[in-house]
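As structure tokens, the structure follows; a few thoughts come after it.
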Amino acid sequence: MNAPVPPPQPHSAARRWRRLWPHPVVSLLLAATWLALVRSVEPVHLLGAVLLAWAVPYGLTPWLPEASRLDWRAALRLMGVVLWDIVVANVTVARLTLGPMGRLQPAWVRVPLACDHPRVRALLASIITMTPGTVSAVVDERRGCLWVHVLHCTDPAALVQEIQTRYEAALLQVWRIERPAHCNAQE
């Protein structure tokens with residue numbers, strides 16, 4: 001008498017592929033970047049690109065999030081918002097710095113954070129420091145806030161609101177994290 005055959009696992013090949021290439025988008029970006037840097041598609045450089053594209057994401061898997069957990073639409077929207085804000089901020093900073101320096105009002109602004117997710121906090125600080133007009137951003141883990149040094153600020157409350165709604169809320173959406181009910185701009 002024959003033993004029953006277990007049903008085939010339709011996703012076993014996909015699982016093996018995913019284990020071997022845990023972050024395919026990162027791998028593609030690394031390979032493309034490597035080939036652009038060496039400006040060659042000779043076999044040795046193609047092999048180097050493939051090895052780099054496999055080894056780096058594979059080695060960093062414990063620290064990289066699983067791509068399926070991210071909301072890619074929200075990530076693309078956020079990228080568009082950040083790129084637009086960088087362009088607008090460049091024009092604004094140029095206008096401010098080419099004018100009389102006495103009208104600048106630099107300030108440190110405290111931005112309460114809605115969540116303690118380390119990647120959200122780090123990315124928020126990175127986004128803020130990439131935007132012209134913000135000199136630096138410091139994550140204060142103990143107080144649960146971000147200290148932002150801006151070149152010119154006439155309304156700190158409006159700046160806090162803008163950072164929380166344009167960037168932090170979008171990052172929470174990208175990571176699929178619910179914004180706690182007790183968090184608001186007036187914290």
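By convention here, the chains of the structure tokens are called A, B, ... in the order presented, each chain's residues are numbered starting at 1, and ligands are numbered starting at 1 in the order presented.
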
Give me the stretch 61-133 of chain A side of the contact with stretch 50-57 of chain A, cut-off 10 Å, one line per residue showing its nearest atom pair and distance in Å at one decimal, counting only C-alpha atoms, sorted by chain and residue number, as CSV.
residue,atom,partner,partner_atom,distance
A:Thr61,CA,A:Pro57,CA,5.8
A:Pro62,CA,A:Pro57,CA,9.4
A:Trp63,CA,A:Pro57,CA,9.4
A:Leu64,CA,A:Pro57,CA,7.9

Show me, as a tab-separated table, the residues of stretch 73-148 of chain A having an atom within 12 Å of stretch 161-177 of chain A, each with the closest atom pair and its distance in Å, using only C-alpha atoms.
residue	atom	partner	partner_atom	distance
A:Arg73	CA	A:Val174	CA	7.9
A:Ala74	CA	A:Val174	CA	5.2
A:Ala75	CA	A:Val174	CA	5.4
A:Leu76	CA	A:Val174	CA	9.0
A:Arg77	CA	A:Ala170	CA	8.3
A:Leu78	CA	A:Ala170	CA	6.2
A:Met79	CA	A:Ala170	CA	9.8
A:Gly80	CA	A:Arg166	CA	11.1
A:Val81	CA	A:Arg166	CA	7.7
A:Val82	CA	A:Tyr167	CA	8.1
A:Leu83	CA	A:Tyr167	CA	11.9
A:Trp84	CA	A:Arg166	CA	11.6
A:Asp85	CA	A:Arg166	CA	9.8
A:Val109	CA	A:Ile163	CA	10.8
A:Arg110	CA	A:Ile163	CA	10.7
A:Val111	CA	A:Gln164	CA	7.8
A:Pro112	CA	A:Gln164	CA	8.3
A:Leu113	CA	A:Gln164	CA	7.8
A:Ala114	CA	A:Glu168	CA	7.8
A:Cys115	CA	A:Leu172	CA	8.2
A:Asp116	CA	A:Ile177	CA	10.5
A:His117	CA	A:Ile177	CA	8.8
A:Pro118	CA	A:Trp175	CA	11.2
A:Arg119	CA	A:Trp175	CA	9.0
A:Val120	CA	A:Leu171	CA	6.1
A:Arg121	CA	A:Glu168	CA	8.3
A:Ala122	CA	A:Leu171	CA	10.5
A:Leu123	CA	A:Leu171	CA	7.9
A:Leu124	CA	A:Glu168	CA	6.4
A:Ala125	CA	A:Glu168	CA	9.7
A:Ser126	CA	A:Tyr167	CA	10.7
A:Ile127	CA	A:Tyr167	CA	7.9
A:Ile128	CA	A:Ile163	CA	8.2
A:Thr129	CA	A:Ile163	CA	11.9
A:Thr131	CA	A:Ile163	CA	11.3
A:Thr134	CA	A:Ile163	CA	11.5
A:Ala137	CA	A:Ile163	CA	11.8
A:Cys145	CA	A:Gln164	CA	11.2
A:Leu146	CA	A:Ile163	CA	10.2
A:Trp147	CA	A:Ile163	CA	11.5
A:Val148	CA	A:Ile163	CA	10.0

Exercise. As a count of residues only, please: all residues of stretch 3-171 of chain A that backbone DSSP puts in helix (DSSP H, G or I).
Key: 104

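Coordinates place atom CA of A:Ser12 at a distance of 26.0 Å from atom CA of A:Ala31.
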
Exercise. Mind the document's chain letters and residue numbers, and return as a ChimeraX atom specification the residues of stretch 1-183 of chain A that DSSP labels strand (DSSP E or B).
Key: /A:107-112,134-140,145-150

Exercise. Go through A:Ala32, A:Val44, A:Leu20, A:Leu37 and flag the residue nearest A:Tyr58, using only C-alpha atoms for the distances.
Key: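 Between A:Ala32, A:Val44, A:Leu20, A:Leu37, the residue approaching A:Tyr58 most closely is A:Leu20.
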
Quiz item: So what do you get for atom CA of A:Arg103 versus atom CA of A:Val87, distance-wise?
Solution: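 Calculated distance between atom CA of A:Arg103 and atom CA of A:Val87 is 21.9 Å.
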
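Minimum atom-to-atom distances from A:His23, A:Arg143, A:His152, A:Arg16 to A:Ala89 were compared using only C-alpha atoms, and the lowest value belongs to A:His152.
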
A:Thr154 environment, 12 Å, only C-alpha atoms, sequence neighbours closer than 2 positions dropped, as a CSV table (one decimal) with C-alpha atoms, in the first residue's frame:
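Written file, result-v6.csv:
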chain,number,residue,atom,x,y,z
A,103,ARG,CA,16.1,89.3,8.8
A,104,LEU,CA,17.1,85.7,9.4
A,105,GLN,CA,15.6,84.2,12.6
A,106,PRO,CA,17.5,80.9,13.3
A,107,ALA,CA,15.9,78.7,16.0
A,108,TRP,CA,16.0,75.3,17.7
A,109,VAL,CA,12.5,73.8,17.5
A,150,VAL,CA,16.4,75.9,11.3
A,151,LEU,CA,18.0,78.8,9.4
A,152,HIS,CA,14.8,80.9,9.6
A,156,PRO,CA,7.7,77.2,15.5
A,157,ALA,CA,4.3,75.7,16.0
A,158,ALA,CA,3.6,75.7,12.3
A,159,LEU,CA,7.0,74.1,11.6
A,160,VAL,CA,6.2,71.4,14.1

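Take atom CA of A:Arg18 and atom CA of A:Thr33: the distance between them is 21.7 Å.
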